[in-house]
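Asks: Please find work.cif (mmCIF, C-alpha atoms) on the next line:
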data_target
#
loop_
_atom_site.label_atom_id
_atom_site.label_comp_id
_atom_site.auth_asym_id
_atom_site.auth_seq_id
_atom_site.Cartn_x
_atom_site.Cartn_y
_atom_site.Cartn_z
CA ALA N 202 -55.52 -26.38 -50.29
CA LEU N 203 -51.82 -26.93 -49.77
CA ASP N 204 -50.45 -25.04 -46.79
CA GLU N 205 -47.21 -23.75 -48.28
CA ALA N 206 -46.14 -22.12 -45.01
CA ALA N 207 -46.40 -25.46 -43.19
CA VAL N 208 -44.37 -27.14 -45.93
CA GLN N 209 -41.59 -24.57 -45.56
CA ASP N 210 -41.75 -24.86 -41.77
CA GLY N 211 -41.12 -28.59 -42.16
CA ARG N 212 -38.10 -27.91 -44.36
CA VAL N 213 -36.67 -25.42 -41.86
CA ALA N 214 -37.23 -27.89 -39.00
CA LEU N 215 -35.26 -30.56 -40.84
CA LEU N 216 -32.39 -28.17 -41.52
CA ALA N 217 -32.43 -27.08 -37.88
CA THR N 218 -31.57 -30.60 -36.72
CA GLY N 219 -28.07 -30.10 -38.13
CA LEU N 220 -28.17 -33.57 -39.69
CA PHE N 221 -28.75 -32.46 -43.30
CA GLU N 222 -26.72 -30.33 -45.66
CA GLN N 223 -29.61 -29.72 -48.05
CA VAL N 224 -33.37 -30.21 -47.89
CA GLN N 225 -35.42 -29.88 -51.07
CA VAL N 226 -39.20 -30.07 -51.35
CA ARG N 227 -41.16 -31.57 -54.22
CA LEU N 228 -44.80 -32.46 -54.69
CA ALA N 229 -46.23 -35.69 -56.07
CA LYS N 230 -49.72 -36.76 -57.02
CA GLY N 231 -51.73 -38.09 -54.11
CA GLU N 232 -53.66 -41.31 -53.90
CA ALA N 233 -57.05 -39.58 -54.13
CA ARG N 234 -58.46 -36.68 -56.07
CA GLY N 235 -57.41 -33.34 -54.60
CA GLN N 236 -54.56 -34.85 -52.56
CA VAL N 237 -50.82 -34.30 -52.97
CA LYS N 238 -47.77 -35.87 -51.40
CA VAL N 239 -45.11 -33.57 -49.92
CA ILE N 240 -41.71 -35.20 -50.32
CA TYR N 241 -38.60 -33.89 -48.58
CA GLU N 242 -35.36 -34.93 -50.28
CA CYS N 243 -32.52 -34.66 -47.77
CA LYS N 244 -28.77 -34.78 -48.27
CA GLU N 245 -27.04 -35.88 -45.10
CA ARG N 246 -24.11 -33.91 -43.80
CA VAL N 247 -21.03 -35.10 -41.94
CA THR N 248 -22.05 -34.82 -38.29
CA THR N 249 -18.65 -35.58 -36.77
CA SER N 250 -16.56 -32.55 -35.88
CA ILE N 251 -13.19 -31.87 -34.31
CA GLU N 252 -13.89 -29.80 -31.22
CA GLY N 253 -10.28 -29.30 -30.27
CA MET N 254 -6.70 -30.35 -30.94
CA HIS N 255 -4.03 -30.08 -28.27
CA LEU N 256 -0.29 -30.01 -28.73
CA GLY N 257 2.36 -28.46 -26.58
CA HIS N 258 5.58 -28.69 -24.64
CA ALA N 259 6.00 -28.03 -20.94
CA ARG N 260 8.21 -29.00 -18.06
CA PRO N 261 8.40 -31.63 -16.70
CA THR N 262 6.19 -33.65 -19.07
CA ASN N 263 7.87 -32.43 -22.28
CA LEU N 264 5.57 -33.14 -25.25
CA TRP N 265 1.85 -33.57 -24.73
CA GLY N 266 -1.07 -33.76 -27.14
CA GLY N 267 -4.62 -34.91 -27.68
CA ILE N 268 -7.85 -34.45 -29.60
CA GLN N 269 -11.54 -33.96 -28.86
CA LEU N 270 -14.33 -35.16 -31.18
CA ALA N 271 -18.11 -34.80 -31.21
CA ASP N 272 -20.94 -36.24 -33.28
CA LEU N 273 -24.50 -34.90 -33.38
CA ASP N 274 -26.09 -38.34 -33.78
CA PRO N 275 -23.63 -41.16 -34.57
CA PHE N 276 -26.19 -44.00 -34.32
CA GLY N 277 -29.26 -42.25 -35.71
CA VAL N 278 -31.22 -42.49 -32.45
CA GLY N 279 -31.26 -38.81 -31.46
CA VAL N 280 -28.33 -39.00 -29.03
CA GLY N 281 -25.13 -37.03 -29.50
CA LEU N 282 -21.73 -38.18 -28.25
CA ASP N 283 -18.42 -36.48 -27.56
CA GLY N 284 -15.08 -37.61 -26.25
CA GLY N 285 -11.42 -36.84 -26.16
CA PHE N 286 -8.07 -37.36 -24.50
CA VAL N 287 -4.87 -35.54 -23.64
CA ALA N 288 -1.69 -37.43 -22.77
CA SER N 289 1.99 -36.98 -22.05
CA GLY N 290 4.70 -39.14 -20.58
CA THR N 291 3.43 -39.09 -16.99
CA GLN N 292 -0.01 -37.45 -17.19
CA GLY N 293 -3.23 -38.05 -19.05
CA ALA N 294 -6.93 -37.26 -19.17
CA VAL N 295 -9.90 -38.93 -20.86
CA GLN N 296 -13.49 -37.74 -21.12
CA LEU N 297 -16.65 -39.18 -22.67
CA GLY N 298 -20.09 -37.63 -22.75
CA GLY N 299 -23.45 -37.72 -24.45
CA GLY N 300 -27.08 -36.76 -24.25
CA PRO N 301 -30.36 -36.60 -26.18
CA ARG N 302 -30.74 -33.86 -28.76
CA THR N 303 -34.16 -33.06 -27.29
CA LEU N 304 -35.57 -33.97 -23.87
CA PHE N 305 -39.13 -35.33 -23.87
CA GLY N 306 -39.88 -33.53 -27.13
CA THR N 307 -39.00 -30.12 -25.69
CA ASP N 308 -36.16 -27.68 -26.37
CA LEU N 309 -34.42 -28.76 -23.16
CA ARG N 310 -31.06 -30.47 -23.58
CA LEU N 311 -29.38 -32.80 -21.12
CA HIS N 312 -25.72 -33.77 -21.22
CA LEU N 313 -23.85 -36.26 -19.04
CA GLN N 314 -20.05 -36.38 -19.11
CA GLY N 315 -17.52 -38.50 -17.27
CA HIS N 316 -13.80 -37.86 -16.98
CA ALA N 317 -10.67 -39.46 -15.60
CA ILE N 318 -7.44 -37.56 -14.92
CA PHE N 319 -4.29 -39.32 -13.76
CA GLY N 320 -0.56 -38.77 -13.52
CA GLU N 321 2.29 -37.58 -11.37
CA GLU N 322 3.12 -34.06 -10.23
CA PRO N 323 6.62 -32.95 -9.15
CA PHE N 324 6.84 -31.18 -5.78
CA VAL N 325 9.75 -29.10 -4.47
CA GLY N 326 10.32 -27.49 -1.07
CA PRO N 327 11.41 -23.92 -0.23
CA ARG N 328 15.12 -24.89 -0.02
CA GLY N 329 15.07 -28.55 -0.97
CA GLN N 330 13.32 -31.83 -0.34
CA GLY N 331 13.93 -35.51 0.27
CA ASP N 332 12.53 -38.80 1.51
CA ALA N 333 13.71 -41.94 3.28
CA ASP N 334 16.39 -42.40 0.58
CA GLY N 335 17.88 -38.95 1.16
CA PRO N 336 17.75 -35.62 -0.70
CA GLN N 337 15.86 -35.63 -4.03
CA GLU N 338 15.75 -33.26 -6.99
CA HIS N 339 11.96 -33.32 -6.62
CA LEU N 340 9.25 -35.52 -5.09
CA ASP N 341 6.71 -37.24 -7.36
CA GLY N 342 3.13 -37.27 -6.11
CA GLY N 343 0.70 -39.47 -8.00
CA TYR N 344 -2.99 -38.59 -8.31
CA ARG N 345 -6.24 -39.86 -9.81
CA ARG N 346 -9.39 -37.81 -10.38
CA LEU N 347 -12.65 -39.49 -11.42
CA GLY N 348 -15.80 -37.44 -11.92
CA LEU N 349 -19.18 -36.88 -13.53
CA ARG N 350 -20.80 -33.71 -14.81
CA LEU N 351 -24.52 -33.24 -15.51
CA ALA N 352 -25.66 -30.19 -17.50
CA LEU N 353 -29.14 -28.96 -18.41
CA THR N 354 -29.70 -26.24 -21.02
CA ALA N 355 -32.98 -24.38 -21.52
CA PRO N 356 -33.67 -21.76 -24.23
CA VAL N 357 -34.97 -18.35 -23.19
CA GLY N 358 -36.41 -16.42 -26.10
CA GLU N 359 -34.61 -16.45 -29.44
CA SER N 360 -31.11 -15.43 -28.36
CA ALA N 361 -30.43 -16.69 -24.84
CA ARG N 362 -29.97 -19.97 -23.01
CA LEU N 363 -29.91 -20.88 -19.34
CA HIS N 364 -27.29 -23.39 -18.19
CA PHE N 365 -27.44 -25.44 -14.99
CA GLY N 366 -24.70 -27.86 -13.99
CA LEU N 367 -23.71 -30.30 -11.27
CA ARG N 368 -20.24 -31.81 -10.97
CA GLY N 369 -18.83 -34.35 -8.57
CA GLU N 370 -15.28 -35.64 -8.42
CA ARG N 371 -13.26 -38.08 -6.33
CA VAL N 372 -9.58 -37.22 -5.79
CA GLN N 373 -7.09 -39.89 -4.77
CA ALA N 374 -3.39 -39.31 -4.08
CA ASP N 375 -0.34 -41.57 -3.85
CA LEU N 376 2.28 -39.55 -1.98
CA PRO N 377 5.78 -40.68 -0.98
CA ALA N 378 6.21 -41.73 2.64
CA ASP N 379 8.68 -40.02 5.00
CA ALA N 380 8.95 -37.00 2.68
CA TYR N 381 10.38 -33.80 4.11
CA GLN N 382 11.07 -30.28 2.95
CA VAL N 383 13.96 -27.97 3.78
CA ASP N 384 12.74 -24.60 5.02
CA PRO N 385 14.71 -21.32 4.71
CA ASP N 386 15.85 -21.64 8.36
CA GLY N 387 17.32 -25.08 7.65
CA ALA N 388 14.60 -27.05 9.44
CA ALA N 389 13.31 -30.23 7.78
CA PRO N 390 9.63 -30.70 8.70
CA PRO N 391 7.27 -33.16 6.92
CA PHE N 392 6.60 -32.10 3.35
CA GLU N 393 3.44 -30.01 2.91
CA PHE N 394 1.88 -31.52 -0.19
CA ASP N 395 -0.76 -29.30 -1.72
CA LEU N 396 -2.68 -32.39 -2.80
CA LYS N 397 -5.38 -33.90 -0.63
CA GLU N 398 -7.77 -36.79 -1.07
CA GLY N 399 -11.52 -36.40 -0.87
CA TRP N 400 -14.68 -35.47 -2.73
CA LEU N 401 -15.30 -32.26 -4.65
CA GLY N 402 -18.70 -30.92 -5.65
CA VAL N 403 -19.67 -27.90 -7.74
CA ALA N 404 -23.06 -26.46 -8.73
CA SER N 405 -23.20 -23.81 -11.43
CA ALA N 406 -25.69 -21.65 -13.31
CA GLY N 407 -25.26 -19.19 -16.13
CA VAL N 408 -26.80 -17.38 -19.08
CA GLU N 409 -25.50 -17.47 -22.65
CA PHE N 410 -26.46 -14.79 -25.18
CA ASP N 411 -26.16 -15.20 -28.95
CA THR N 412 -25.24 -11.76 -30.32
CA ARG N 413 -25.11 -12.81 -33.98
CA ASN N 414 -27.47 -10.93 -36.26
CA ASP N 415 -28.12 -13.83 -38.65
#
Once you've parsed the file, please lay out its structure as C-alpha cells.
Replies:
Amino acid sequence: ALDEAAVQDGRVALLATGLFEQVQVRLAKGEARGQVKVIYECKERVTTSIEGMHLGHARPTNLWGGIQLADLDPFGVGVGLDGGFVASGTQGAVQLGGGPRTLFGTDLRLHLQGHAIFGEEPFVGPRGQGDADGPQEHLDGGYRRLGLRLALTAPVGESARLHFGLRGERVQADLPADAYQVDPDGAAPPFEFDLKEGWLGVASAGVEFDTRND
C-alpha cells in the first residue's frame, strides 16, 4: 500500500531545502503489478538574495556604499556562498564566505568566512599634531586587517539553535614617522596612536530562539 504520509514527508523535505518555490506530487503506473511511481514536480526558486545594502555619508570619507549578496546553492552542489563589499574614497572592506548546507548528513551547519579591511584613519591630538614636515591638520594612519571566521550551528529542539564561533585577525599599521601631538600644557611628545599591530582572536558561543508561531 502507498504510504501517503511518507510521500508528504518527502514533499515537505524538498520545500525545506529552500531551493524550490513549489513542489507537487503525482502518481504514475509502476513497472510491475501493484507498483506505483511517486513523481515530485519541482519549480525552482531564485536562491540569490540581497542581504544588505549600504549607503551613507560621513566625515572624513564623504560618500560610502556597498552591497552584500548570498546564494543558498549557486552551483547545485549543496554549498552556499555569500559575499559583499563596502567602499569609500580612502577605506574599504571585502568579505567572502561559504559552507555546506548540511554537515555529514546531519542538521549541523558549518560556515567559513574571510574578510579584508583596509584604509586610512585621521588622527588628531589634544591641541594639535604634526610630523617631520611641521604642523598638520590631521595625521593619516594606514591600516590593514585580514581575518577568518569559522562558525558552527547546531539545532536544539524545534525553536532554538546553538552557535559556536572562532575568529582570528591580523592587524597591520602604516603610521607616519616622527609624529607628535600637542598636549594642553604645550608639550609635544610622540603621538599616541590608538592603532597597534598584532593578532586578535575571539571565541564566541550563543543561543538563538525562534519565537515565531508559524
Asks: Apply the PyMOL selection byres ((chain N and resi 249) around 12) to the displayed file and report the matching residues as number ranges by chain.
Replies: N: 219-220, 245-248, 250-252, 269-276, 281-284
Asks: Please provide as a PDB file with C-alpha atoms, in the coordinates of the input all residues within 8 Å of Glu321 in chain N, with the sequence filter that same-chain residues fewer than 2 positions apart are discarded (counting all atoms listed in the file).
Replies:
ATOM      1  CA  THR N 291       3.430 -39.090 -16.990  1.00  0.00           C
ATOM      2  CA  GLN N 292      -0.010 -37.450 -17.190  1.00  0.00           C
ATOM      3  CA  PHE N 319      -4.290 -39.320 -13.760  1.00  0.00           C
ATOM      4  CA  PRO N 323       6.620 -32.950  -9.150  1.00  0.00           C
ATOM      5  CA  ASP N 341       6.710 -37.240  -7.360  1.00  0.00           C
ATOM      6  CA  GLY N 342       3.130 -37.270  -6.110  1.00  0.00           C
ATOM      7  CA  GLY N 343       0.700 -39.470  -8.000  1.00  0.00           C
ATOM      8  CA  TYR N 344      -2.990 -38.590  -8.310  1.00  0.00           C
TER       9      TYR N 344
END
Asks: The residues within 8 Å of (-24.0, -34.1, -22.1), using only C-alpha atoms and the coordinates of the file, should be reported as a ChimeraX atom specification; which are they?
Replies: /N:282,298-301,311-314,350-352
Asks: To one decimal in Å, tell me the separation between CA of Ala259 in chain N and CA of Ser289 in chain N.
Replies: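 So the two atoms, CA of Ala259 in chain N and CA of Ser289 in chain N, lie 9.9 Å apart.
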Asks: For this structure, which residues satisfy the selection - the PyMOL selection byres ((chain N and resi 403) around 10) - when it is evaluated on the file as given? I want them as a list in words.
Replies: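 Listing what the PyMOL selection byres ((chain N and resi 403) around 10) selects in the shown file: Arg350, Gly366, Leu367, Arg368, Gly369, Glu370, Leu401, Gly402, Ala404 and Ser405 of chain N.
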Asks: Produce a file of the selected residues containing C-alpha atoms, as a tab-separated table (two decimals), in the frame of the given file.
Replies:
chain	number	residue	atom	x	y	z
N	350	ARG	CA	-20.80	-33.71	-14.81
N	366	GLY	CA	-24.70	-27.86	-13.99
N	367	LEU	CA	-23.71	-30.30	-11.27
N	368	ARG	CA	-20.24	-31.81	-10.97
N	369	GLY	CA	-18.83	-34.35	-8.57
N	370	GLU	CA	-15.28	-35.64	-8.42
N	401	LEU	CA	-15.30	-32.26	-4.65
N	402	GLY	CA	-18.70	-30.92	-5.65
N	404	ALA	CA	-23.06	-26.46	-8.73
N	405	SER	CA	-23.20	-23.81	-11.43
Asks: Which residues, protein or nucleic acid, reach to within 12 Å of (-39.1, -31.3, -31.6) in the file's coordinates when using only C-alpha atoms, and can you give that as a list of chain:residue names?
Replies: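 Result, sorted by chain then residue number: N:Gly211, N:Ala214, N:Leu215, N:Ala217, N:Thr218, N:Gly279, N:Pro301, N:Arg302, N:Thr303, N:Leu304, N:Phe305, N:Gly306, N:Thr307, N:Asp308, N:Leu309, N:Arg310.
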Asks: Nearest residue to Arg371 in chain N out of N:Arg346, N:Lys230, N:Arg328, N:Lys397, using all atoms listed in the file?
Replies: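 The closest residue to Arg371 in chain N is N:Arg346.
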Asks: Using only C-alpha atoms, determine which residues lie at most 8 Å from range 331-336 of chain N, disregarding the query and same-chain residues fewer than 6 positions distant; provide the list as an MDAnalysis selection string.
Replies: chainID N and resid 377:382
Asks: Take the PyMOL selection byres ((chain N and resi 355) around 9), apply it to the structure above, and return the hits as a short mmCIF file (atom, residue, chain, number, x, y, z; two decimals) with C-alpha atoms, keeping the file's coordinate frame.
Replies:
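Ended up saving to out.cif:
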data_model
loop_
_atom_site.label_atom_id
_atom_site.label_comp_id
_atom_site.auth_asym_id
_atom_site.auth_seq_id
_atom_site.Cartn_x
_atom_site.Cartn_y
_atom_site.Cartn_z
CA ASP N 308 -36.16 -27.68 -26.37
CA LEU N 309 -34.42 -28.76 -23.16
CA ARG N 310 -31.06 -30.47 -23.58
CA LEU N 353 -29.14 -28.96 -18.41
CA THR N 354 -29.70 -26.24 -21.02
CA PRO N 356 -33.67 -21.76 -24.23
CA VAL N 357 -34.97 -18.35 -23.19
CA ALA N 361 -30.43 -16.69 -24.84
CA ARG N 362 -29.97 -19.97 -23.01
CA LEU N 363 -29.91 -20.88 -19.34
CA HIS N 364 -27.29 -23.39 -18.19
CA PHE N 365 -27.44 -25.44 -14.99
#
Asks: Calculated over all atoms listed in the file, which of the candidates N:Gly267, N:Gly326, N:Ala207, N:Arg234 has the smallest distance to Gly387 in chain N?
Replies: N:Gly326
Asks: Padding 6 Å on each side, edges along x, y and z: where is the centre of the box around the listed atoms of range 355-358 of chain N, and how long are its edges in Å to one decimal? Output it as AutoDock Vina command-line options.
Replies:
--center_x -34.7 --center_y -20.4 --center_z -23.8 --size_x 15.4 --size_y 20.0 --size_z 16.6
Asks: Could you check how far CA of Val239 in chain N sits from CA of Arg227 in chain N, in Å to one decimal?
Replies: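 These atoms are spaced 6.2 Å apart.
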Asks: Considering only C-alpha atoms, state which residue in the set N:Leu256, N:Ala406, N:His316, N:Ala389 is at the smallest distance from Ala288 in chain N.
Replies: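 Between N:Leu256, N:Ala406, N:His316, N:Ala389, the residue approaching Ala288 in chain N most closely is N:Leu256.
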Asks: Can you pull out every residue within 10 Å of Cys243 in chain N, counting only C-alpha atoms, but drop anything in the same chain fewer than 5 positions away, and send it as a ChimeraX atom specification?
Replies: /N:212,215-216,220-226
Asks: Could you take the residues named above and write them with C-alpha atoms, as a PDB file, in the frame of the given file?
Replies:
ATOM      1  CA  ARG N 212     -38.100 -27.910 -44.360  1.00  0.00           C
ATOM      2  CA  LEU N 215     -35.260 -30.560 -40.840  1.00  0.00           C
ATOM      3  CA  LEU N 216     -32.390 -28.170 -41.520  1.00  0.00           C
ATOM      4  CA  LEU N 220     -28.170 -33.570 -39.690  1.00  0.00           C
ATOM      5  CA  PHE N 221     -28.750 -32.460 -43.300  1.00  0.00           C
ATOM      6  CA  GLU N 222     -26.720 -30.330 -45.660  1.00  0.00           C
ATOM      7  CA  GLN N 223     -29.610 -29.720 -48.050  1.00  0.00           C
ATOM      8  CA  VAL N 224     -33.370 -30.210 -47.890  1.00  0.00           C
ATOM      9  CA  GLN N 225     -35.420 -29.880 -51.070  1.00  0.00           C
ATOM     10  CA  VAL N 226     -39.200 -30.070 -51.350  1.00  0.00           C
TER      11      VAL N 226
END
Asks: So how many Å separate CA of Phe324 in chain N and CA of Gln296 in chain N, to one decimal?
Replies: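 Pair CA of Phe324 in chain N / CA of Gln296 in chain N returns 26.3 Å.
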Asks: N:Trp265, N:Val372, N:Leu203, N:Gly399: which is nearest Val237 in chain N, counting all atoms listed in the file?
Replies: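 Using all atoms listed in the file, the shortest distance to Val237 in chain N belongs to N:Leu203.
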Asks: Would you mind telling me which residue in N:Asn263, N:Gln209, N:Gln236, N:Gln330 lies nearest to Pro385 in chain N when using all atoms listed in the file?
Replies: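 Using all atoms listed in the file, Pro385 in chain N sits closest to N:Gln330.
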